[in-house]
Every structure is written in structure tokens, then in C-alpha cells.
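So this one's protein_1.txt, compact mmCIF, C-alpha atoms and all ligand atoms:
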# COMPACT_ATOMS: atom_id res chain seq x y z
CA MET A 408 12.45 -12.31 12.08
CA SER A 409 14.17 -9.45 13.87
CA GLN A 410 12.63 -8.06 17.03
CA ASN A 411 11.03 -4.96 15.67
CA THR A 412 9.80 -6.56 12.44
CA VAL A 413 6.03 -6.17 12.35
CA LEU A 414 5.19 -8.11 9.22
CA GLU A 415 7.18 -10.54 7.11
CA ILE A 416 5.98 -11.75 3.74
CA LYS A 417 7.86 -14.66 2.16
CA ASP A 418 7.53 -15.91 -1.40
CA LEU A 419 3.90 -14.87 -1.61
CA GLU A 420 2.05 -15.93 -4.73
CA VAL A 421 -1.51 -14.94 -5.54
CA GLU A 422 -3.35 -16.54 -8.42
CA LEU A 423 -6.53 -15.74 -10.27
CA LEU A 424 -8.45 -18.77 -11.41
CA SER A 425 -9.59 -18.33 -14.99
CA GLU A 426 -10.95 -20.45 -17.82
CA LYS A 427 -7.39 -20.68 -19.13
CA GLY A 428 -6.15 -21.99 -15.77
CA PRO A 429 -4.49 -20.15 -12.87
CA LEU A 430 -2.95 -16.76 -13.73
CA SER A 431 -0.23 -15.24 -11.57
CA VAL A 432 -1.23 -11.82 -10.10
CA ILE A 433 1.44 -11.67 -7.38
CA ASP A 434 4.69 -13.42 -8.21
CA LYS A 435 6.88 -14.52 -5.26
CA VAL A 436 6.84 -11.31 -3.29
CA ASN A 437 9.12 -10.86 -0.26
CA LEU A 438 8.71 -7.93 2.08
CA SER A 439 9.36 -7.18 5.71
CA ILE A 440 8.27 -4.07 7.56
CA LYS A 441 9.62 -2.71 10.81
CA GLU A 442 7.89 -0.77 13.57
CA GLY A 443 7.52 2.88 12.67
CA GLU A 444 8.55 2.33 9.06
CA ILE A 445 6.56 3.63 6.09
CA VAL A 446 7.00 1.41 3.06
CA GLY A 447 5.64 2.71 -0.22
CA ILE A 448 4.36 0.46 -2.99
CA VAL A 449 4.20 2.16 -6.35
CA GLY A 450 3.23 1.03 -9.83
CA GLU A 451 0.72 1.73 -12.58
CA SER A 452 -2.88 0.64 -12.49
CA GLY A 453 -3.24 -3.15 -12.64
CA CYS A 454 0.22 -3.97 -11.26
CA GLY A 455 -1.24 -5.86 -8.29
CA LYS A 456 -0.90 -3.31 -5.47
CA SER A 457 -4.43 -3.75 -4.14
CA MET A 458 -4.22 -7.53 -4.58
CA LEU A 459 -1.18 -7.53 -2.33
CA ALA A 460 -2.99 -5.40 0.28
CA SER A 461 -6.03 -7.68 0.11
CA ALA A 462 -3.84 -10.75 0.51
CA ILE A 463 -2.31 -9.30 3.70
CA MET A 464 -5.74 -8.36 5.05
CA ASN A 465 -7.21 -11.75 4.17
CA LEU A 466 -9.75 -10.01 1.95
CA LEU A 467 -9.09 -11.81 -1.33
CA ASN A 468 -12.26 -12.89 -3.05
CA SER A 469 -12.75 -15.67 -5.54
CA PRO A 470 -11.36 -16.00 -8.22
CA ALA A 471 -8.21 -14.71 -6.43
CA LYS A 472 -6.44 -16.84 -3.84
CA ILE A 473 -3.10 -17.22 -2.13
CA ALA A 474 -1.32 -20.04 -3.96
CA ALA A 475 1.95 -20.13 -1.98
CA GLY A 476 4.03 -18.31 0.59
CA THR A 477 3.65 -17.07 4.15
CA ILE A 478 2.67 -13.79 5.83
CA PHE A 479 4.01 -13.72 9.39
CA TYR A 480 2.55 -11.38 11.97
CA ALA A 481 3.33 -11.71 15.69
CA GLY A 482 4.84 -15.16 15.24
CA GLN A 483 1.98 -16.67 13.29
CA ASP A 484 1.46 -17.31 9.61
CA MET A 485 -1.72 -15.41 8.83
CA THR A 486 -2.33 -17.39 5.64
CA THR A 487 -3.24 -20.39 7.81
CA LEU A 488 -5.81 -18.57 9.98
CA SER A 489 -9.54 -19.24 9.65
CA PRO A 490 -11.72 -16.25 8.70
CA ARG A 491 -12.87 -16.11 12.33
CA GLU A 492 -9.34 -16.07 13.70
CA PHE A 493 -8.50 -13.34 11.24
CA GLN A 494 -11.39 -11.19 12.49
CA ARG A 495 -9.50 -10.78 15.75
CA ILE A 496 -6.53 -9.28 13.92
CA ARG A 497 -8.27 -7.17 11.29
CA GLY A 498 -9.17 -3.74 12.63
CA LYS A 499 -7.15 -4.33 15.77
CA ASP A 500 -3.55 -5.29 14.93
CA ILE A 501 -3.75 -4.53 11.23
CA SER A 502 -6.06 -1.88 9.77
CA MET A 503 -6.64 -0.63 6.29
CA ILE A 504 -7.82 2.61 4.76
CA PHE A 505 -9.19 2.62 1.25
CA GLN A 506 -9.34 5.10 -1.60
CA GLU A 507 -13.09 5.41 -1.19
CA PRO A 508 -14.12 5.91 2.47
CA MET A 509 -17.62 4.67 1.78
CA THR A 510 -16.24 1.12 1.35
CA SER A 511 -15.80 1.02 5.11
CA LEU A 512 -18.29 3.59 6.40
CA ASN A 513 -22.04 3.24 6.70
CA PRO A 514 -23.37 6.44 5.07
CA LEU A 515 -26.31 6.77 7.43
CA MET A 516 -24.98 5.68 10.81
CA LYS A 517 -23.64 8.30 13.21
CA VAL A 518 -19.88 8.71 12.94
CA GLY A 519 -19.37 8.29 16.67
CA LYS A 520 -21.41 5.08 16.83
CA GLN A 521 -19.40 3.58 13.94
CA ILE A 522 -16.13 4.28 15.72
CA GLU A 523 -17.57 2.77 18.88
CA GLU A 524 -18.55 -0.36 16.94
CA ALA A 525 -14.95 -0.65 15.75
CA ILE A 526 -13.77 -0.57 19.38
CA LYS A 527 -16.47 -2.97 20.58
CA ALA A 528 -15.48 -5.54 17.97
CA HIS A 529 -12.19 -6.05 19.83
CA GLU A 530 -12.43 -4.69 23.35
CA LYS A 531 -14.82 -4.80 26.27
CA VAL A 532 -15.28 -1.19 27.30
CA SER A 533 -17.95 0.71 29.28
CA ASN A 534 -20.33 2.97 27.36
CA ALA A 535 -18.85 6.09 28.89
CA GLU A 536 -15.33 5.09 27.88
CA LEU A 537 -16.53 4.13 24.40
CA LYS A 538 -17.85 7.63 23.84
CA GLU A 539 -14.75 9.23 25.27
CA ARG A 540 -12.49 7.16 23.01
CA ALA A 541 -14.60 7.83 19.92
CA ILE A 542 -14.45 11.58 20.51
CA ALA A 543 -10.71 11.44 21.19
CA ALA A 544 -10.23 9.47 17.95
CA ILE A 545 -12.12 12.13 15.99
CA ARG A 546 -10.06 14.86 17.65
CA ASP A 547 -6.79 13.02 16.95
CA VAL A 548 -7.33 13.18 13.20
CA GLY A 549 -7.49 16.95 13.40
CA ILE A 550 -11.24 17.48 13.25
CA PRO A 551 -12.43 20.58 15.11
CA GLN A 552 -15.52 20.23 17.33
CA PRO A 553 -15.29 16.43 17.65
CA GLU A 554 -18.30 16.31 20.01
CA LYS A 555 -20.45 17.74 17.23
CA VAL A 556 -19.05 15.54 14.44
CA TYR A 557 -19.67 12.51 16.69
CA HIS A 558 -23.39 12.98 15.91
CA ASP A 559 -22.99 13.58 12.15
CA ILE A 560 -23.62 10.93 9.50
CA PRO A 561 -20.96 10.33 6.78
CA SER A 562 -23.30 11.15 3.89
CA ARG A 563 -23.47 14.73 5.19
CA LEU A 564 -19.68 15.16 5.44
CA SER A 565 -17.15 16.28 2.81
CA GLY A 566 -14.79 13.78 1.15
CA GLY A 567 -11.82 14.97 3.23
CA MET A 568 -13.80 14.66 6.48
CA ARG A 569 -14.96 11.15 5.59
CA GLN A 570 -11.38 10.15 4.87
CA ARG A 571 -10.38 11.47 8.30
CA ILE A 572 -13.21 9.54 9.97
CA MET A 573 -12.09 6.36 8.20
CA ILE A 574 -8.55 6.97 9.46
CA ALA A 575 -9.89 7.60 12.99
CA MET A 576 -11.76 4.30 12.81
CA ALA A 577 -8.72 2.44 11.49
CA LEU A 578 -6.56 3.79 14.30
CA VAL A 579 -8.89 3.62 17.26
CA CYS A 580 -7.58 0.22 18.41
CA HIS A 581 -3.93 1.31 17.92
CA PRO A 582 -2.92 -1.07 15.11
CA LYS A 583 0.67 -2.17 14.73
CA LEU A 584 0.30 -1.97 10.95
CA LEU A 585 -1.77 0.41 8.84
CA ILE A 586 -2.28 -0.30 5.15
CA CYS A 587 -3.22 2.74 3.09
CA ASP A 588 -4.42 1.91 -0.43
CA GLU A 589 -4.37 5.16 -2.45
CA PRO A 590 -5.88 7.02 0.52
CA THR A 591 -5.88 10.45 -1.10
CA THR A 592 -6.37 9.83 -4.81
CA ALA A 593 -9.98 11.01 -4.74
CA LEU A 594 -9.24 14.22 -2.81
CA ASP A 595 -8.21 17.68 -3.92
CA VAL A 596 -4.58 18.71 -3.48
CA THR A 597 -4.97 20.71 -0.25
CA ILE A 598 -6.95 18.02 1.54
CA GLN A 599 -4.54 15.41 0.16
CA ALA A 600 -1.60 17.24 1.75
CA GLN A 601 -3.44 17.43 5.09
CA ILE A 602 -4.23 13.70 5.11
CA LEU A 603 -0.63 12.80 4.18
CA ARG A 604 0.70 14.97 7.01
CA LEU A 605 -1.76 13.33 9.36
CA ILE A 606 -0.63 9.79 8.49
CA LYS A 607 3.00 10.80 9.00
CA LYS A 608 2.25 12.46 12.32
CA LEU A 609 0.43 9.35 13.53
CA ARG A 610 3.41 7.24 12.60
CA ASP A 611 5.72 9.62 14.49
CA GLU A 612 3.53 9.57 17.58
CA THR A 613 2.56 5.90 17.74
CA ASN A 614 5.36 4.12 15.87
CA THR A 615 2.79 2.32 13.71
CA ALA A 616 4.23 0.63 10.63
CA VAL A 617 2.59 1.79 7.40
CA ILE A 618 2.27 0.27 3.95
CA PHE A 619 1.47 3.17 1.67
CA ILE A 620 0.17 2.32 -1.80
CA SER A 621 0.10 4.89 -4.57
CA HIS A 622 0.63 5.24 -8.30
CA ASP A 623 1.98 8.75 -7.74
CA MET A 624 5.77 8.99 -7.44
CA GLY A 625 5.49 12.55 -6.11
CA VAL A 626 3.35 11.44 -3.16
CA ILE A 627 5.59 8.43 -2.53
CA TYR A 628 8.64 10.71 -2.37
CA GLN A 629 7.03 12.91 0.30
CA MET A 630 5.72 10.07 2.40
CA VAL A 631 7.83 6.97 2.63
CA ASP A 632 11.09 5.63 4.08
CA ARG A 633 11.48 2.79 1.64
CA VAL A 634 9.98 2.21 -1.79
CA VAL A 635 8.99 -0.95 -3.60
CA VAL A 636 8.24 -0.61 -7.30
CA MET A 637 5.78 -3.15 -8.65
CA TYR A 638 5.26 -4.16 -12.24
CA ALA A 639 2.85 -6.84 -13.47
CA GLY A 640 2.72 -8.58 -10.08
CA GLN A 641 6.46 -8.55 -9.45
CA PHE A 642 8.70 -6.39 -7.33
CA VAL A 643 11.11 -4.89 -9.87
CA GLU A 644 13.05 -2.52 -7.63
CA SER A 645 13.26 -1.65 -3.96
CA ALA A 646 15.47 0.76 -2.02
CA PRO A 647 15.44 3.43 0.69
CA CYS A 648 13.40 6.34 -0.67
CA LYS A 649 16.26 8.81 -1.12
CA LYS A 650 18.41 6.24 -2.90
CA LEU A 651 15.63 5.17 -5.23
CA PHE A 652 15.00 8.73 -6.32
CA GLU A 653 18.68 9.67 -6.61
CA LYS A 654 19.79 6.50 -8.32
CA PRO A 655 16.89 4.61 -9.86
CA LEU A 656 18.15 1.51 -11.64
CA HIS A 657 15.19 -0.25 -13.20
CA PRO A 658 14.05 1.28 -16.50
CA TYR A 659 10.45 1.10 -15.24
CA THR A 660 11.32 3.17 -12.16
CA ILE A 661 13.14 5.66 -14.37
CA GLY A 662 10.03 5.83 -16.58
CA LEU A 663 7.76 6.45 -13.56
CA GLN A 664 10.03 9.24 -12.36
CA ASN A 665 10.08 10.90 -15.75
CA ALA A 666 6.30 10.86 -15.67
CA ILE A 667 6.13 13.07 -12.54
CA PRO A 668 4.73 16.41 -13.66
CA GLN A 669 7.11 19.22 -12.80
CA ILE A 670 5.53 22.50 -11.90
CA ASN A 671 8.41 24.66 -13.08
CA LYS A 672 8.71 22.94 -16.46
CA GLN A 673 6.56 23.10 -19.57
CA GLN A 674 3.73 20.57 -19.57
CA SER A 675 5.38 18.98 -22.63
CA SER A 676 8.16 17.63 -20.38
CA LEU A 677 5.70 15.12 -18.93
CA GLN A 678 6.60 11.82 -20.51
CA ASP A 679 4.41 8.82 -20.01
CA ILE A 680 5.81 5.33 -20.39
CA PRO A 681 4.62 4.17 -23.83
CA GLY A 682 2.51 1.01 -23.95
CA SER A 683 0.63 -0.59 -21.08
CA VAL A 684 0.89 -3.20 -18.32
CA PRO A 685 0.62 -6.68 -19.95
CA MET A 686 -2.54 -8.76 -19.57
CA LEU A 687 -2.21 -11.54 -17.01
CA ASP A 688 -3.08 -14.18 -19.60
CA ASN A 689 -0.53 -12.87 -22.06
CA LEU A 690 2.66 -12.16 -20.13
CA PRO A 691 5.89 -11.71 -22.11
CA GLU A 692 8.33 -14.61 -22.15
CA GLY A 693 11.39 -12.82 -20.77
CA CYS A 694 11.50 -9.66 -18.66
CA LEU A 695 7.87 -8.56 -18.18
CA PHE A 696 8.80 -4.94 -18.88
CA ALA A 697 10.91 -5.65 -22.00
CA PRO A 698 8.20 -4.84 -24.58
CA ARG A 699 7.98 -1.28 -23.16
CA CYS A 700 11.64 -0.83 -22.22
CA PRO A 701 13.72 1.62 -24.28
CA PHE A 702 16.92 -0.29 -23.37
CA ALA A 703 15.73 -3.89 -23.92
CA LYS A 704 17.76 -6.13 -26.17
CA GLY A 705 18.43 -9.83 -26.95
CA GLU A 706 18.09 -11.84 -23.78
CA CYS A 707 15.70 -9.34 -22.18
CA PHE A 708 13.00 -10.74 -24.47
CA THR A 709 13.70 -14.41 -23.79
CA LYS A 710 15.18 -14.86 -20.33
CA LYS A 711 13.25 -14.73 -17.05
CA VAL A 712 14.82 -12.19 -14.72
CA SER A 713 15.20 -12.62 -10.96
CA LEU A 714 15.38 -9.90 -8.32
CA LYS A 715 19.03 -9.30 -7.38
CA HIS A 716 20.03 -7.72 -4.08
CA TYR A 717 22.87 -5.21 -3.71
CA ASP A 718 22.97 -4.12 -0.05
CA ASP A 719 19.69 -2.33 0.59
CA HIS A 720 18.93 -1.93 -3.11
CA SER A 721 17.18 -4.69 -5.08
CA VAL A 722 16.57 -4.69 -8.80
CA ARG A 723 15.19 -7.07 -11.42
CA CYS A 724 16.98 -6.16 -14.65
CA LEU A 725 19.53 -7.98 -16.81
CA LEU A 726 21.24 -4.71 -17.66
CA VAL A 727 22.10 -3.92 -14.04
CA ASP A 728 24.67 -5.51 -11.74
CA GLU A 729 26.45 -4.39 -8.57
CA GLY A 730 28.40 -1.83 -10.57
CA GLY A 731 25.12 -0.28 -11.79
CA TRP A 732 24.24 -0.08 -15.45
CA HIS A 733 26.14 -1.96 -18.17
CA ASN A 734 24.26 -0.93 -21.22
CA GLU A 735 26.95 -0.65 -23.83
N1 LIG A 801 -11.96 -9.51 -9.06
C1 LIG A 801 -11.07 -9.64 -10.04
N2 LIG A 801 -11.27 -10.53 -11.02
C2 LIG A 801 -10.38 -10.67 -12.02
N3 LIG A 801 -9.24 -9.96 -12.14
C3 LIG A 801 -9.00 -9.05 -11.19
C4 LIG A 801 -9.89 -8.82 -10.09
N4 LIG A 801 -9.38 -7.84 -9.33
C5 LIG A 801 -8.21 -7.47 -9.91
N5 LIG A 801 -7.98 -8.19 -11.02
C6 LIG A 801 -6.78 -8.11 -11.89
O1 LIG A 801 -5.66 -8.29 -11.05
C7 LIG A 801 -4.58 -7.46 -11.47
C8 LIG A 801 -4.10 -6.61 -10.31
O2 LIG A 801 -5.13 -5.71 -9.93
P1 LIG A 801 -4.99 -4.69 -8.70
O3 LIG A 801 -6.37 -4.19 -8.43
O4 LIG A 801 -4.27 -5.33 -7.61
O5 LIG A 801 -4.11 -3.53 -9.34
P2 LIG A 801 -3.63 -2.14 -8.69
O6 LIG A 801 -2.16 -2.11 -8.83
O7 LIG A 801 -4.22 -2.00 -7.33
O8 LIG A 801 -4.27 -1.07 -9.68
P3 LIG A 801 -4.92 0.38 -9.36
O9 LIG A 801 -3.79 1.36 -9.32
O10 LIG A 801 -5.81 0.62 -10.55
O11 LIG A 801 -5.69 0.30 -8.09
C9 LIG A 801 -5.11 -6.66 -12.65
O12 LIG A 801 -4.70 -7.30 -13.83
C10 LIG A 801 -6.61 -6.74 -12.51
O13 LIG A 801 -7.24 -6.66 -13.76
MG MG A 802 -5.57 -0.67 -6.47

Can the structure in the file be given as C-alpha cells, please?
Amino acid sequence: MSQNTVLEIKDLEVELLSEKGPLSVIDKVNLSIKEGEIVGIVGESGCGKSMLASAIMNLLNSPAKIAAGTIFYAGQDMTTLSPREFQRIRGKDISMIFQEPMTSLNPLMKVGKQIEEAIKAHEKVSNAELKERAIAAIRDVGIPQPEKVYHDIPSRLSGGMRQRIMIAMALVCHPKLLICDEPTTALDVTIQAQILRLIKKLRDETNTAVIFISHDMGVIYQMVDRVVVMYAGQFVESAPCKKLFEKPLHPYTIGLQNAIPQINKQQSSLQDIPGSVPMLDNLPEGCLFAPRCPFAKGECFTKKVSLKHYDDHSVRCLLVDEGGWHNE
């Protein structure tokens, strides 16, 4: 593990226990994140993005559980920690913001008090300092009149303000890693842009590592340094952001890019990928994407495909090798 690596996931497998036996939701995922790096995870609904985030945060609920692999943070494998030991890390070293702020905010408790509770869970601080830090945290997420908002309750705030408060709470103990699971999906475009700028600014100022989950390739392009594309619980492609957008290799990535709406083109140019993500209890035999892939042939339907690494670009496709595509 190199010195500035914050988190290292190795061969992580998450299973869902079902009547038909264990089903694989996350299939041997490997990922390491450095200080100050924003890694994007993109994929359609049901690909396992939130499951991966929950596994890192130790928030998996039955019937889901980690079946294999390690998640190293600060020299320890977090998958071996007791729930109590994990409490010391969650909210302090690693924080998460969710799509819906109300999953982590109490609608009726004063904003300032909630932020103070988040501090108190991890640090012993005087009341005066608690208040000062809570107000500073509210100010840091770009909220005007933080002293006033300190006394507001979330149910009286707008969606964008709540999202900011949740970010303030997630950041108040200066985490080394921030996990954002679709943090702006529920917001309108202007507020979305503000929140995205805010997360980037925080990264620039504090060098926090960020895992940024989204199903929106446009947002991923604006936000991240490196992209991982997920399909049916597997990583199918990963590369530095610019490279992935300039030279996508996996047909699924190409499909996702074609599905980005383009403002200057006719709406009819928006192409969705036909078909849908396979059910966990009915995964295809070969490449998991083959049934939807316009290029699939022969072996694609019968042979399991592994992730191959070419420098900083990884791809899981039989039709791609170090020379790129060989689809003749
Ligand atoms: N509590 C649960 N019980 C059973 N299956 C679940 C549960 N939660 C998630 N799943 C299944 O696990 C798979 C991965 O779900 P996950 O929520 O991680 O997807 P996602 O990529 O975050 O999707 P979205 O973009 O909609 O948030 C899906 O097939 C989903 O149906
Ligand atoms: Mg999700």
C-alpha cells in the first residue's frame, strides 16, 4: 500500500442470501484511492454501486454480507472490525453523503445541534468550541448567515440547503475519505452544479479522497479524476477520466456515453442501451453484458471474462486487447 493510499479494496465479494442460495452482488472488486483523488463509480441502476458504498461503510444489512476480500484503511482490514470499532471510524475518518439528506438528518432537531452531535461522537470539545465549529462548518459549505441557520430545523429548509447541511455534517471531523452516493440526483440543475463545485472545492482545500457515485456520465465527466464503470456487480472498465471519455473500450461504457443527452443535438440523438441489467439470480453464462452488446459474438456468450490491465486502463472484454479493439 503506497504512502498516500487512503483506502485499498482487494478481491471484495458481497453476496445476497436468497432462497436459491447466495447470489453475487459484488464480484471480486479491486480499488485503491489516493489522498485528494476523486474516483467516480458509474453504472445503471442495480449495478451494485450503493452495495459497494455500504460495504465500505460497514452498513450492509441482511440479506447482504461481505463474503470475501479485504478493505484496508490506515493499516487495518475494516472487514474484521466489530460494529463498535467501526463506529470510531464512521463519521470521523470515513463519511458518507446520501442521495436523500433525510436519511442522515433528524427533520426536527436544530441543524447546529445535529452538527455538534456529529463532533461529540468522536471528539471531546467544550460547548463554546462545539458551537464555533458547527457554525464554521455551516459557513464552509457556502451557506450565508450560518448563525441563523444554526437554529433552523431541516424540515424547514430547501432540498439544496439540506444537502449542504448533510455535507457540513459529513465533513466536520475532517474525514480522510468522503463517499458521495448520488448526492445531487434529487436536486435541480442549478443547485446540483453548486453542490458539485462545493465537493470539488473541499477536495482542493483539504485533500480529502472522494468516491463519487453516479449514473450520470455527464456529472462524472465534470467531477472525477478516475472512473470505474460497473456492470452487474463487476468492474468492467476503469481509466483516468480524460482517457475513458476519449477512448472508451468497453461496449457498455460506449453505450453509457452515447446515452448522454447533448444540448446542441436533436433529442432523437439520445440512445439508450437496449435491454436491462440482468437479474442476480439469472446471470448470463459468459460476459454479463453480452446479451445487450451490439458487438457480442461466439465466445462472448459462453466464456467468463476477466478484467485485463493495460497501464492505467483496465477493461473486461474479449474483443479488446492491448492494441485496442479487434472486432473484425
Ligand atoms: N436489501 C436488498 N435486498 C435484496 N436485494 C437488494 C437489496 N438491496 C439491493 N439489492 C439488489 O442488489 C443489487 C445492487 O443494488 P444497488 O442498490 O447497489 O444498485 P445501485 O447501482 O446503487 O443502483 P441505483 O443507481 O438505483 O442506486 C440490485 O440487483 C438490487 O436489486
Ligand atoms: Mg444506489

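You will find atom CA of A:Lys583 at 16.5 Å from atom CA of A:Gly447.
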
>> Applying 10 Å and only C-alpha atoms, which residues near stretch 549-554 of chain A remain after dropping the ones on its own chain fewer than 6 positions away? List them as an NGL selection string.
In response: :A and (519 or 538-539 or 541-543 or 568 or 571-572 or 575 or 601-602 or 605)

> Can you list, as a PyMOL selection string, every protein, DNA or RNA residue that comes within 8 Å of A:Tyr659 when you count all atoms listed in the file, leaving out same-chain residues fewer than 5 positions away?
Replying inline: chain A and resi 638+696+700

Those residues you just picked out, can you put them in a file as a PDB file, keeping the file's coordinate frame with C-alpha atoms?
ATOM      1  CA  TYR A 638       5.260  -4.160 -12.240  1.00  0.00           C
ATOM      2  CA  PHE A 696       8.800  -4.940 -18.880  1.00  0.00           C
ATOM      3  CA  CYS A 700      11.640  -0.830 -22.220  1.00  0.00           C
TER       4      CYS A 700
END

What's the 6 Å shell around stretch 451-462 of chain A, counting all atoms listed in the file, without same-chain residues fewer than 4 positions away, as a compact mmCIF listing (two decimals) with C-alpha atoms, in the frame of the given file?
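Written out: result.txt:
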# COMPACT_ATOMS: atom_id res chain seq x y z
CA LEU A 466 -9.75 -10.01 1.95
CA LEU A 467 -9.09 -11.81 -1.33
CA HIS A 622 0.63 5.24 -8.30
CA TYR A 638 5.26 -4.16 -12.24
CA ALA A 639 2.85 -6.84 -13.47
CA GLY A 640 2.72 -8.58 -10.08

> What is the atom CA of A:Ala528-atom CA of A:Glu415 distance in Å, reported with one decimal?
Replying inline: 25.6 Å

>> List as number ranges by chain the protein and nucleic acid residues near A:Val636, meaning an atom at most 12 Å away when only C-alpha atoms are counted, but skip any in the same chain fewer than 3 places from it.
In response: A: 436, 438, 446-451, 454-456, 619-624, 627, 633, 639-648, 651-652, 655-664, 714, 720-723

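Take atom CA of A:Ala525 and atom CA of A:Val617: the distance between them is 19.6 Å.
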
> From the list A:Leu414, A:Cys587, A:Ile496, A:Leu423, which residue is nearest ligand MG 802 (chain A) when using all atoms listed in the file?
Replying inline: A:Cys587

>> Using all atoms listed in the file for the distances, tell me which of A:Ser425, A:Ser562, A:Thr613, A:Gln570 is nearest to A:Thr591.
In response: A:Gln570

> Looking at all atoms listed in the file, which of A:Ser431, A:Asn411, A:Ser713, A:Thr615 is the one that sits closest to A:Asp688?
Replying inline: A:Ser431

Give me the box for ligand LIG 801 (chain A) as lines of an AutoDock Vina configuration file, namely the centre and edge lengths in Å to one decimal of a box along x, y and z that holds every listed atom plus 6 Å on each side.
center_x = -7.1
center_y = -4.7
center_z = -10.6
size_x = 21.8
size_y = 24.0
size_z = 18.5

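Distances to ligand MG 802 (chain A) were evaluated for A:Val626, A:Ile526, A:Met637, A:Ile501 using only C-alpha atoms and all ligand atoms, and the minimum falls at A:Met637.
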
> Hey, which of A:Val432, A:Val712, A:Val548, A:Cys707 ends up closest to ligand LIG 801 (chain A)? Count all atoms listed in the file.
Replying inline: A:Val432

>> Show me, as a ChimeraX atom specification, the residues that have an atom within 12 Å of A:Leu584 when counting all atoms listed in the file, minus same-chain residues fewer than 3 positions from it.
In response: /A:412-415,439-446,460,463-464,480-481,496-504,577-578,580-581,587,609-610,613-619

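Compared by their closest atoms to ligand MG 802 (chain A), and using only C-alpha atoms and all ligand atoms, the residues A:Asn437, A:Gly482, A:Glu507, A:Val518 rank with A:Glu507 nearest.
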
> Which protein, DNA or RNA residues have an atom at most 8 Å from (3.1, -15.0, -4.9), counting all atoms listed in the file? List them as a ChimeraX atom specification.
Replying inline: /A:418-422,431-436,473-476
